[in-house]
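So the structure is just underneath, and the comments pick up after that.
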Amino acid sequence: MRFSRIFIPTLREAPADAEAISHILMLRAGYVRQLASGLYIYLPLGWKVMTKINAIIKEEMDAIGAQEISMPVLHPAEIWQQTGRWYEIGDEMFRLKDRGDREMCLGMTHEEIMTWLASREIRSYRDLPQIWYQVQTKLRDEARPKSGILRTREFIMKDSYSFDASEEGLAENYRLHANAYHRIYERCGLRFMMVESDPGMMGGGMSHEFMAPSPAGEDEVALCDKCGYSANVELALSIPLKLEEKDWERQEVHTPEKRTVQEVSNFLKLPPSYFIKSILVIAEKGPVLALVRGDQEIHEKKLAKVIGSHRPAQKAEVKEILGVEAGFIGPVGQKVRLVADESLKEGSYVSGANKPHYHLRGIRAGRDFTPEWHDIHTAKAGDLCVKCGSALHVERVIEIGNIFKLGTKYSTPLKAFFLDENGQEKPIIMGSYGIGPARIAAAAVEQNNDKDGIVWPKSIAPFDVELLPLNMSDPKTIETAEGLYTGLRESGLDVLMDDRNERAGVKFKDADLIGIPVQVIIGEKNLKEGLVEIKDRRTKESVKVKVDDVIEKVRSLP
RNA sequence: CGGGGCGUAGCGCAGCUUGGUAGCGCGCACGGUUCGGGACCGUGAAGUCGGAGGUUCAAAUCCUCUCGCCCCGACCA
């Protein structure tokens, strides 16, 4: 492709509302433009990248026997009502009515529709297993779209669904998908990891997420270098560091106006870890007092798994329910439901005395209060691994894919049954598996850039090579560039030639911004000796080679 | 949904406090000089100042409402 004929609107300055590096660079380099919040246009370069990523995904899906199909984006409400998700999912689902006043929605995922298809077409164990997939647009009315194409309201997703007669079959398809995903991300040149994750509203059993480390990510994972334990912090288990045992008598201490753990900690000259943080929340079934060690944070999702959805209590509610103002509350003597983090099982602690301006020192679980025990603290760096006991670290990541074992969550309500060898009717056992190609692209940019722009991994770069004839008024330069342009293309490479009548500096700047991995620089002086320069975008190192050797040299690059 | 910020030419911004003919840089068009890391000179086109209402002789500027976008949080198949 000739630069003069492809639309690449590069910008010298980034639009002020872009913050994430990938967002800034993709705007500046002319890959994408924003239509509205969470809605993006892919320009020619951006779409080429997406096409390459999708091609890799499709190859690997086909390789595990998955079959590509295509489903509508517009769905009748009825099917979603049958699984209950029509009611469970809130504002995130785009809903509308057709001219006949029938309720419809825009597809945010396709478990329902895939299962509907299976329910009509699959009758026998002989029809199983199946893997169906599509690369198709999803719509979700996100509460807060952000970071350019990382979180949008409309996005392309590769979603696949497995259908099996047995749990063993599901396990095999789950494993096949995990392997395929590894290959996909490797081929896309990403640093990534697979971690345990919370199935959330997808339901079903096991699930894993594929995560690309990046400060731009929205998730955090806890990792153990020693044994390989890795999990989203939403469910990561960890053991907070043990405390030196205190041999306190149970005793009230006067703590005037000292309310927060930090204030009392400073006042009593005791580390926060010797305190019990008591937080009152209001769940659907009533108030719950949640307890964690003073140096820990409660993880809302972990707590929600125990007590259901909940909200923090307001100050007036604390006074009314616990009989004491916030700041001096504690578990001892309270009648409300107590849910405590397991790290509090042992040891002697300080908590609020349920009496204004007093705290209680020397309280022990089991003797002074009896809570339900759960892991409700947020795993943090330095905590110990529950599997091997060595220190965990925590990393910020971009979620680039996930895999779920669904079991019969969708097949049962949608009556997707098959007859087994014995003529018994059974629900199909399902899995679902998603990849966001735009997130792969964004993660690739987040992980591969420098002060001058993007440095694409070779496999997903919009072009393989960029030719830079520097002086377009020099006939010899043009002749050489045209020759190489034809030759490189004939050798199977995708070539961008900057044939614009621009100064060298402009071409260099744009080439670095756009980030094509290999640059072939055709300058007048080198040409007099029959040489051109081949430059690596990542290292900025270049070698001079004879014009005749360029094609072979470029093709031999890793 | 809660908190914060911002809407002035394609992009980046100034002007608003203290109301009085809408500006700067980049980009864009044309002419000339230049030509290996975002050139220079000259000429020029381009803006309902997000929108509506109000105050005023007069509103980008003051007031009210509203829409949009970004960030933090909540939420997130």
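How things are named: the first chain in the structure tokens is A, the next is B, and so on; residues count from 1 in each chain; ligands count from 1 in the order shown.
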Discussion item. If we count only C-alpha atoms (C1' of nucleotides) and set the cut-off at 7 Å, which residues sit around segment 32-45 of chain B, ignoring sequence neighbours fewer than 3 positions away in its own chain? Please answer as a list of chain:residue names.
Written reply: A:Arg503, A:Ala504, A:Gly505, A:Val506, A:Phe508, A:Lys509
With a cut-off of 8 Å, could you pull out the residues of chain A touching chain B and give me the nearest pair of atoms for each, distance in Å to one decimal, using only C-alpha atoms (C1' of nucleotides), ordered by chain and ascending number, as a Markdown table?
```
| residue | atom | partner | partner_atom | distance |
| --- | --- | --- | --- | --- |
| A:Leu11 | CA | B:C11 | C1' | 7.0 |
| A:Arg12 | CA | B:G38 | C1' | 7.7 |
| A:Glu13 | CA | B:C11 | C1' | 6.3 |
| A:Ala14 | CA | B:C11 | C1' | 7.3 |
| A:Pro15 | CA | B:C11 | C1' | 6.6 |
| A:Ala16 | CA | B:G12 | C1' | 7.8 |
| A:Asp17 | CA | B:C70 | C1' | 5.1 |
| A:Ala18 | CA | B:C70 | C1' | 7.5 |
| A:Ser37 | CA | B:C69 | C1' | 7.2 |
| A:Met108 | CA | B:A77 | C1' | 6.5 |
| A:Thr109 | CA | B:A77 | C1' | 5.8 |
| A:Glu142 | CA | B:C76 | C1' | 7.2 |
| A:Ala143 | CA | B:C75 | C1' | 6.5 |
| A:Met201 | CA | B:A77 | C1' | 6.6 |
| A:Met202 | CA | B:A77 | C1' | 6.0 |
| A:Leu470 | CA | B:G36 | C1' | 7.4 |
| A:Asn471 | CA | B:C35 | C1' | 7.2 |
| A:Arg503 | CA | B:C35 | C1' | 5.9 |
| A:Ala504 | CA | B:G36 | C1' | 5.9 |
| A:Gly505 | CA | B:G37 | C1' | 4.3 |
| A:Val506 | CA | B:G38 | C1' | 5.0 |
| A:Phe508 | CA | B:G37 | C1' | 6.1 |
| A:Lys509 | CA | B:G38 | C1' | 6.3 |
| A:Gly523 | CA | B:G36 | C1' | 7.1 |
```
Output N, CA and C atoms of each residue in that selection to a file, as a PDB file, in the first residue's frame.
```
ATOM      1  N   LEU A  11      -1.599  12.530  14.246  1.00  0.00           N
ATOM      2  CA  LEU A  11      -1.721  13.787  14.976  1.00  0.00           C
ATOM      3  C   LEU A  11      -0.420  14.092  15.707  1.00  0.00           C
ATOM      4  N   ARG A  12      -0.043  15.361  15.706  1.00  0.00           N
ATOM      5  CA  ARG A  12       1.147  15.730  16.466  1.00  0.00           C
ATOM      6  C   ARG A  12       0.862  15.765  17.954  1.00  0.00           C
ATOM      7  N   GLU A  13      -0.356  16.206  18.262  1.00  0.00           N
ATOM      8  CA  GLU A  13      -0.717  16.280  19.674  1.00  0.00           C
ATOM      9  C   GLU A  13      -1.903  15.369  19.931  1.00  0.00           C
ATOM     10  N   ALA A  14      -1.926  14.767  21.102  1.00  0.00           N
ATOM     11  CA  ALA A  14      -3.019  13.866  21.435  1.00  0.00           C
ATOM     12  C   ALA A  14      -4.221  14.662  21.901  1.00  0.00           C
ATOM     13  N   PRO A  15      -5.428  14.241  21.530  1.00  0.00           N
ATOM     14  CA  PRO A  15      -6.636  14.862  22.070  1.00  0.00           C
ATOM     15  C   PRO A  15      -6.608  14.816  23.598  1.00  0.00           C
ATOM     16  N   ALA A  16      -7.112  15.883  24.199  1.00  0.00           N
ATOM     17  CA  ALA A  16      -6.956  16.039  25.647  1.00  0.00           C
ATOM     18  C   ALA A  16      -7.698  14.985  26.448  1.00  0.00           C
ATOM     19  N   ASP A  17      -8.725  14.382  25.883  1.00  0.00           N
ATOM     20  CA  ASP A  17      -9.503  13.441  26.694  1.00  0.00           C
ATOM     21  C   ASP A  17      -8.972  12.009  26.643  1.00  0.00           C
ATOM     22  N   ALA A  18      -7.829  11.809  26.018  1.00  0.00           N
ATOM     23  CA  ALA A  18      -7.208  10.490  26.038  1.00  0.00           C
ATOM     24  C   ALA A  18      -6.179  10.436  27.155  1.00  0.00           C
ATOM     25  N   SER A  37     -18.988   8.318  23.628  1.00  0.00           N
ATOM     26  CA  SER A  37     -18.425   7.587  24.757  1.00  0.00           C
ATOM     27  C   SER A  37     -18.555   6.082  24.541  1.00  0.00           C
ATOM     28  N   MET A 108     -25.378  -9.055  24.475  1.00  0.00           N
ATOM     29  CA  MET A 108     -24.153  -8.737  25.205  1.00  0.00           C
ATOM     30  C   MET A 108     -23.269  -9.973  25.315  1.00  0.00           C
ATOM     31  N   THR A 109     -23.847 -11.120  25.018  1.00  0.00           N
ATOM     32  CA  THR A 109     -23.176 -12.406  25.014  1.00  0.00           C
ATOM     33  C   THR A 109     -24.188 -13.369  24.401  1.00  0.00           C
ATOM     34  N   GLU A 142     -22.250  -0.069  29.166  1.00  0.00           N
ATOM     35  CA  GLU A 142     -21.319   0.016  30.288  1.00  0.00           C
ATOM     36  C   GLU A 142     -21.583   1.250  31.142  1.00  0.00           C
ATOM     37  N   ALA A 143     -21.481   1.064  32.443  1.00  0.00           N
ATOM     38  CA  ALA A 143     -21.656   2.188  33.356  1.00  0.00           C
ATOM     39  C   ALA A 143     -20.583   3.242  33.105  1.00  0.00           C
ATOM     40  N   MET A 201     -21.771 -13.600  37.033  1.00  0.00           N
ATOM     41  CA  MET A 201     -23.137 -13.836  36.569  1.00  0.00           C
ATOM     42  C   MET A 201     -23.214 -14.860  35.455  1.00  0.00           C
ATOM     43  N   MET A 202     -22.038 -15.331  34.985  1.00  0.00           N
ATOM     44  CA  MET A 202     -22.083 -16.390  33.990  1.00  0.00           C
ATOM     45  C   MET A 202     -22.575 -17.673  34.623  1.00  0.00           C
ATOM     46  N   LEU A 470      13.398   8.632   1.046  1.00  0.00           N
ATOM     47  CA  LEU A 470      13.442   9.935   1.712  1.00  0.00           C
ATOM     48  C   LEU A 470      13.269  11.110   0.756  1.00  0.00           C
ATOM     49  N   ASN A 471      13.888  11.038  -0.380  1.00  0.00           N
ATOM     50  CA  ASN A 471      13.811  12.175  -1.300  1.00  0.00           C
ATOM     51  C   ASN A 471      13.022  11.792  -2.548  1.00  0.00           C
ATOM     52  N   ARG A 503       9.188  15.789   3.978  1.00  0.00           N
ATOM     53  CA  ARG A 503      10.591  15.804   4.383  1.00  0.00           C
ATOM     54  C   ARG A 503      10.907  14.532   5.154  1.00  0.00           C
ATOM     55  N   ALA A 504      12.197  14.190   5.193  1.00  0.00           N
ATOM     56  CA  ALA A 504      12.613  12.950   5.850  1.00  0.00           C
ATOM     57  C   ALA A 504      12.137  12.890   7.300  1.00  0.00           C
ATOM     58  N   GLY A 505      12.276  14.011   8.001  1.00  0.00           N
ATOM     59  CA  GLY A 505      11.906  14.031   9.412  1.00  0.00           C
ATOM     60  C   GLY A 505      10.460  13.629   9.646  1.00  0.00           C
ATOM     61  N   VAL A 506       9.586  14.132   8.791  1.00  0.00           N
ATOM     62  CA  VAL A 506       8.163  13.807   8.922  1.00  0.00           C
ATOM     63  C   VAL A 506       7.939  12.310   8.718  1.00  0.00           C
ATOM     64  N   PHE A 508      10.129   9.857   9.151  1.00  0.00           N
ATOM     65  CA  PHE A 508      10.670   9.118  10.298  1.00  0.00           C
ATOM     66  C   PHE A 508       9.713   9.165  11.484  1.00  0.00           C
ATOM     67  N   LYS A 509       9.226  10.357  11.778  1.00  0.00           N
ATOM     68  CA  LYS A 509       8.338  10.518  12.935  1.00  0.00           C
ATOM     69  C   LYS A 509       7.067   9.687  12.773  1.00  0.00           C
ATOM     70  N   GLY A 523      17.902   6.272   1.231  1.00  0.00           N
ATOM     71  CA  GLY A 523      18.439   7.627   1.215  1.00  0.00           C
ATOM     72  C   GLY A 523      19.398   7.812   0.048  1.00  0.00           C
TER      73      GLY A 523
END
```
DSSP-assigned helix (DSSP H, G or I) members of segment 253-411 of chain A, reported as a CSV table (one decimal) with C-alpha atoms, in the first residue's frame:
```
chain,number,residue,atom,x,y,z
A,261,VAL,CA,-7.9,2.3,63.1
A,262,GLN,CA,-5.2,4.7,62.2
A,263,GLU,CA,-6.1,7.2,64.9
A,264,VAL,CA,-6.4,4.5,67.6
A,265,SER,CA,-3.2,2.8,66.4
A,266,ASN,CA,-1.3,6.1,66.7
A,267,PHE,CA,-2.9,6.8,70.1
A,268,LEU,CA,-2.1,3.4,71.7
A,272,PRO,CA,-2.9,-1.5,62.9
A,273,SER,CA,-2.5,-5.3,62.6
A,274,TYR,CA,-3.5,-5.7,66.3
A,300,GLU,CA,-16.6,-6.6,48.6
A,301,LYS,CA,-17.0,-9.5,46.2
A,302,LYS,CA,-15.7,-12.0,48.7
A,303,LEU,CA,-18.1,-10.7,51.3
A,304,ALA,CA,-20.9,-10.7,48.8
A,305,LYS,CA,-20.4,-14.4,48.2
A,306,VAL,CA,-21.1,-14.9,51.9
A,307,ILE,CA,-23.9,-12.5,52.6
A,315,LYS,CA,-23.9,6.7,60.3
A,316,ALA,CA,-27.5,6.9,61.7
A,317,GLU,CA,-28.0,3.2,60.9
A,318,VAL,CA,-24.9,2.3,62.8
A,319,LYS,CA,-26.1,4.1,65.9
A,320,GLU,CA,-29.6,2.6,65.6
A,321,ILE,CA,-28.5,-1.0,65.0
A,322,LEU,CA,-25.4,-1.3,67.2
A,342,GLU,CA,-10.1,-16.2,59.0
A,343,SER,CA,-6.9,-14.3,59.9
A,344,LEU,CA,-8.7,-13.3,63.1
```
Item to complete: Would you kindly return, as a ChimeraX atom specification, each protein, DNA or RNA residue with an atom no farther than 9 Å from any atom of segment 49-51 of chain B, considering only C-alpha atoms (C1' of nucleotides) and excluding same-chain residues fewer than 2 positions away?
Response: /B:7-8,22,47,60,66-68
Item to complete: Among the residues of segment 139-358 of chain A, find those DSSP assigns to strand (DSSP E) from the backbone and print them as a ChimeraX atom specification.
Response: /A:139,154-164,193-196,207-213,219-224,230-232,238-239,251-254,276-283,286-293,310-312,337-341,349-352,358
How would the residues just picked look written out with C-alpha atoms as a JSON list (two decimals), in the first residue's frame?
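So result.json came out as:
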```
[["chain", "number", "residue", "atom", "x", "y", "z"],
["A", 139, "LEU", "CA", -23.28, -4.45, 22.96],
["A", 154, "GLU", "CA", -19.85, -1.91, 21.42],
["A", 155, "PHE", "CA", -17.04, -4.33, 20.76],
["A", 156, "ILE", "CA", -16.11, -7.37, 18.77],
["A", 157, "MET", "CA", -15.78, -10.62, 20.62],
["A", 158, "LYS", "CA", -14.79, -14.10, 19.69],
["A", 159, "ASP", "CA", -17.21, -16.19, 21.68],
["A", 160, "SER", "CA", -17.29, -19.94, 21.54],
["A", 161, "TYR", "CA", -19.51, -22.47, 23.21],
["A", 162, "SER", "CA", -18.93, -26.14, 23.80],
["A", 163, "PHE", "CA", -21.64, -28.77, 24.05],
["A", 164, "ASP", "CA", -20.91, -32.13, 25.65],
["A", 193, "MET", "CA", -1.04, -15.34, 32.32],
["A", 194, "MET", "CA", -3.98, -17.56, 33.08],
["A", 195, "VAL", "CA", -5.54, -17.08, 36.51],
["A", 196, "GLU", "CA", -8.45, -18.46, 38.50],
["A", 207, "SER", "CA", -13.57, -20.27, 35.32],
["A", 208, "HIS", "CA", -10.24, -18.78, 34.38],
["A", 209, "GLU", "CA", -9.22, -15.44, 32.99],
["A", 210, "PHE", "CA", -6.36, -14.61, 30.68],
["A", 211, "MET", "CA", -4.60, -11.49, 31.81],
["A", 212, "ALA", "CA", -2.02, -9.22, 30.16],
["A", 213, "PRO", "CA", 0.09, -7.36, 32.73],
["A", 219, "ASP", "CA", -8.04, -5.95, 37.41],
["A", 220, "GLU", "CA", -5.45, -7.20, 39.84],
["A", 221, "VAL", "CA", -4.12, -10.69, 40.20],
["A", 222, "ALA", "CA", -2.25, -12.31, 43.06],
["A", 223, "LEU", "CA", 0.66, -14.47, 41.96],
["A", 224, "CYS", "CA", 2.96, -16.94, 43.65],
["A", 230, "SER", "CA", -2.44, -17.25, 40.44],
["A", 231, "ALA", "CA", -5.88, -15.78, 40.88],
["A", 232, "ASN", "CA", -7.86, -12.63, 40.40],
["A", 238, "SER", "CA", -3.93, -15.52, 50.98],
["A", 239, "ILE", "CA", -2.60, -15.72, 54.49],
["A", 251, "GLN", "CA", -9.49, -4.43, 79.42],
["A", 252, "GLU", "CA", -11.33, -1.28, 78.40],
["A", 253, "VAL", "CA", -9.11, 1.59, 77.34],
["A", 254, "HIS", "CA", -10.11, 5.22, 77.11],
["A", 276, "ILE", "CA", -10.12, -5.54, 64.44],
["A", 277, "LYS", "CA", -11.71, -3.39, 61.78],
["A", 278, "SER", "CA", -15.49, -3.67, 62.18],
["A", 279, "ILE", "CA", -17.66, -2.57, 59.32],
["A", 280, "LEU", "CA", -21.44, -2.62, 59.37],
["A", 281, "VAL", "CA", -23.12, -3.37, 56.06],
["A", 282, "ILE", "CA", -26.76, -3.79, 55.20],
["A", 283, "ALA", "CA", -27.51, -6.97, 53.29],
["A", 286, "GLY", "CA", -30.42, -7.56, 57.45],
["A", 287, "PRO", "CA", -27.33, -5.96, 58.97],
["A", 288, "VAL", "CA", -24.00, -7.77, 59.07],
["A", 289, "LEU", "CA", -20.92, -6.76, 61.00],
["A", 290, "ALA", "CA", -17.90, -7.68, 58.89],
["A", 291, "LEU", "CA", -14.56, -8.07, 60.67],
["A", 292, "VAL", "CA", -11.05, -7.97, 59.27],
["A", 293, "ARG", "CA", -7.67, -7.34, 60.81],
["A", 310, "HIS", "CA", -25.04, -5.36, 50.41],
["A", 311, "ARG", "CA", -24.25, -1.71, 50.97],
["A", 312, "PRO", "CA", -22.36, 0.17, 53.66],
["A", 337, "ARG", "CA", -24.67, -11.44, 62.30],
["A", 338, "LEU", "CA", -20.87, -11.50, 62.53],
["A", 339, "VAL", "CA", -18.73, -12.47, 59.57],
["A", 340, "ALA", "CA", -15.01, -12.49, 60.30],
["A", 341, "ASP", "CA", -11.94, -13.02, 58.19],
["A", 349, "TYR", "CA", -6.87, -7.87, 69.47],
["A", 350, "VAL", "CA", -8.19, -4.40, 70.10],
["A", 351, "SER", "CA", -11.63, -3.41, 68.86],
["A", 352, "GLY", "CA", -14.27, -0.81, 69.60],
["A", 358, "TYR", "CA", -13.59, 3.43, 74.58]]
```
Worksheet, complete the sentence: Computed gap from atom CA of Arg140 of chain A to atom CA of Glu92 of chain A is 5.4 Å
Worksheet entry | Polymer residues at most 9 Å from Lys52 of chain A, only C-alpha atoms (C1' of nucleotides), same-chain spacing of 4 or more positions, as a VMD selection string | chain A and resid 47 to 48 56 to 57 459 to 462
Practice prompt. Return the single residue from A:Lys242, A:Arg144, A:Lys387, A:Arg175 that is closest to C72 of chain B, with distances computed using only C-alpha atoms (C1' of nucleotides).
Written response: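 Selected residue with least distance to C72 of chain B: A:Arg144.
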Discussion item. Give me the residues near Lys540 of chain A as number ranges by chain, where near means some atom within 12 Å (using only C-alpha atoms (C1' of nucleotides)) and where sequence neighbours in that chain fewer than 2 positions away do not count.
Written reply: A: 450, 452, 455, 508, 511-512, 515, 517-520, 533-538, 542-543
With N, CA and C atoms retained, write the just-selected residues as a compact mmCIF listing (two decimals), in the first residue's frame.
```txt
# COMPACT_ATOMS: atom_id res chain seq x y z
N ASP A 450 7.29 3.06 22.96
CA ASP A 450 8.34 3.89 23.54
C ASP A 450 7.96 5.34 23.33
N ASP A 452 8.50 7.36 21.13
CA ASP A 452 8.18 7.76 19.75
C ASP A 452 6.90 7.15 19.21
N VAL A 455 5.23 -0.01 19.04
CA VAL A 455 6.15 -1.01 18.50
C VAL A 455 5.37 -2.31 18.39
N PHE A 508 10.13 9.86 9.15
CA PHE A 508 10.67 9.12 10.30
C PHE A 508 9.71 9.17 11.48
N ALA A 511 6.63 7.10 10.83
CA ALA A 511 6.94 5.67 10.81
C ALA A 511 7.09 5.14 12.24
N ASP A 512 7.79 5.89 13.07
CA ASP A 512 7.97 5.45 14.46
C ASP A 512 6.64 5.43 15.21
N GLY A 515 4.50 2.43 14.04
CA GLY A 515 5.03 1.27 14.71
C GLY A 515 5.20 -0.01 13.92
N PRO A 517 7.14 -2.90 12.42
CA PRO A 517 8.38 -3.40 13.05
C PRO A 517 9.66 -3.22 12.24
N VAL A 518 9.56 -3.21 10.93
CA VAL A 518 10.77 -3.07 10.13
C VAL A 518 10.66 -1.86 9.21
N GLN A 519 11.70 -1.04 9.20
CA GLN A 519 11.72 0.10 8.29
C GLN A 519 12.89 -0.08 7.31
N VAL A 520 12.60 0.16 6.04
CA VAL A 520 13.67 0.13 5.04
C VAL A 520 13.84 1.57 4.55
N GLU A 533 19.16 1.12 4.14
CA GLU A 533 19.25 0.83 5.56
C GLU A 533 18.03 0.02 5.99
N ILE A 534 18.26 -1.03 6.77
CA ILE A 534 17.14 -1.78 7.36
C ILE A 534 17.18 -1.53 8.86
N LYS A 535 16.07 -1.00 9.37
CA LYS A 535 16.07 -0.56 10.76
C LYS A 535 14.99 -1.28 11.56
N ASP A 536 15.38 -1.71 12.75
CA ASP A 536 14.46 -2.38 13.67
C ASP A 536 13.75 -1.32 14.49
N ARG A 537 12.42 -1.32 14.42
CA ARG A 537 11.66 -0.29 15.13
C ARG A 537 11.88 -0.37 16.65
N ARG A 538 12.01 -1.58 17.16
CA ARG A 538 12.10 -1.73 18.61
C ARG A 538 13.47 -1.26 19.13
N SER A 542 20.18 -0.22 13.04
CA SER A 542 20.02 -0.41 11.61
C SER A 542 21.27 -1.01 10.99
N VAL A 543 21.05 -1.70 9.90
CA VAL A 543 22.18 -2.25 9.14
C VAL A 543 22.06 -1.77 7.70
```
Worksheet item: When distances are computed from only C-alpha atoms, which of A:Leu414, A:Met472, A:Met206, A:Ala481 shows the smallest separation from Thr115 of chain A?
Response: A:Leu414
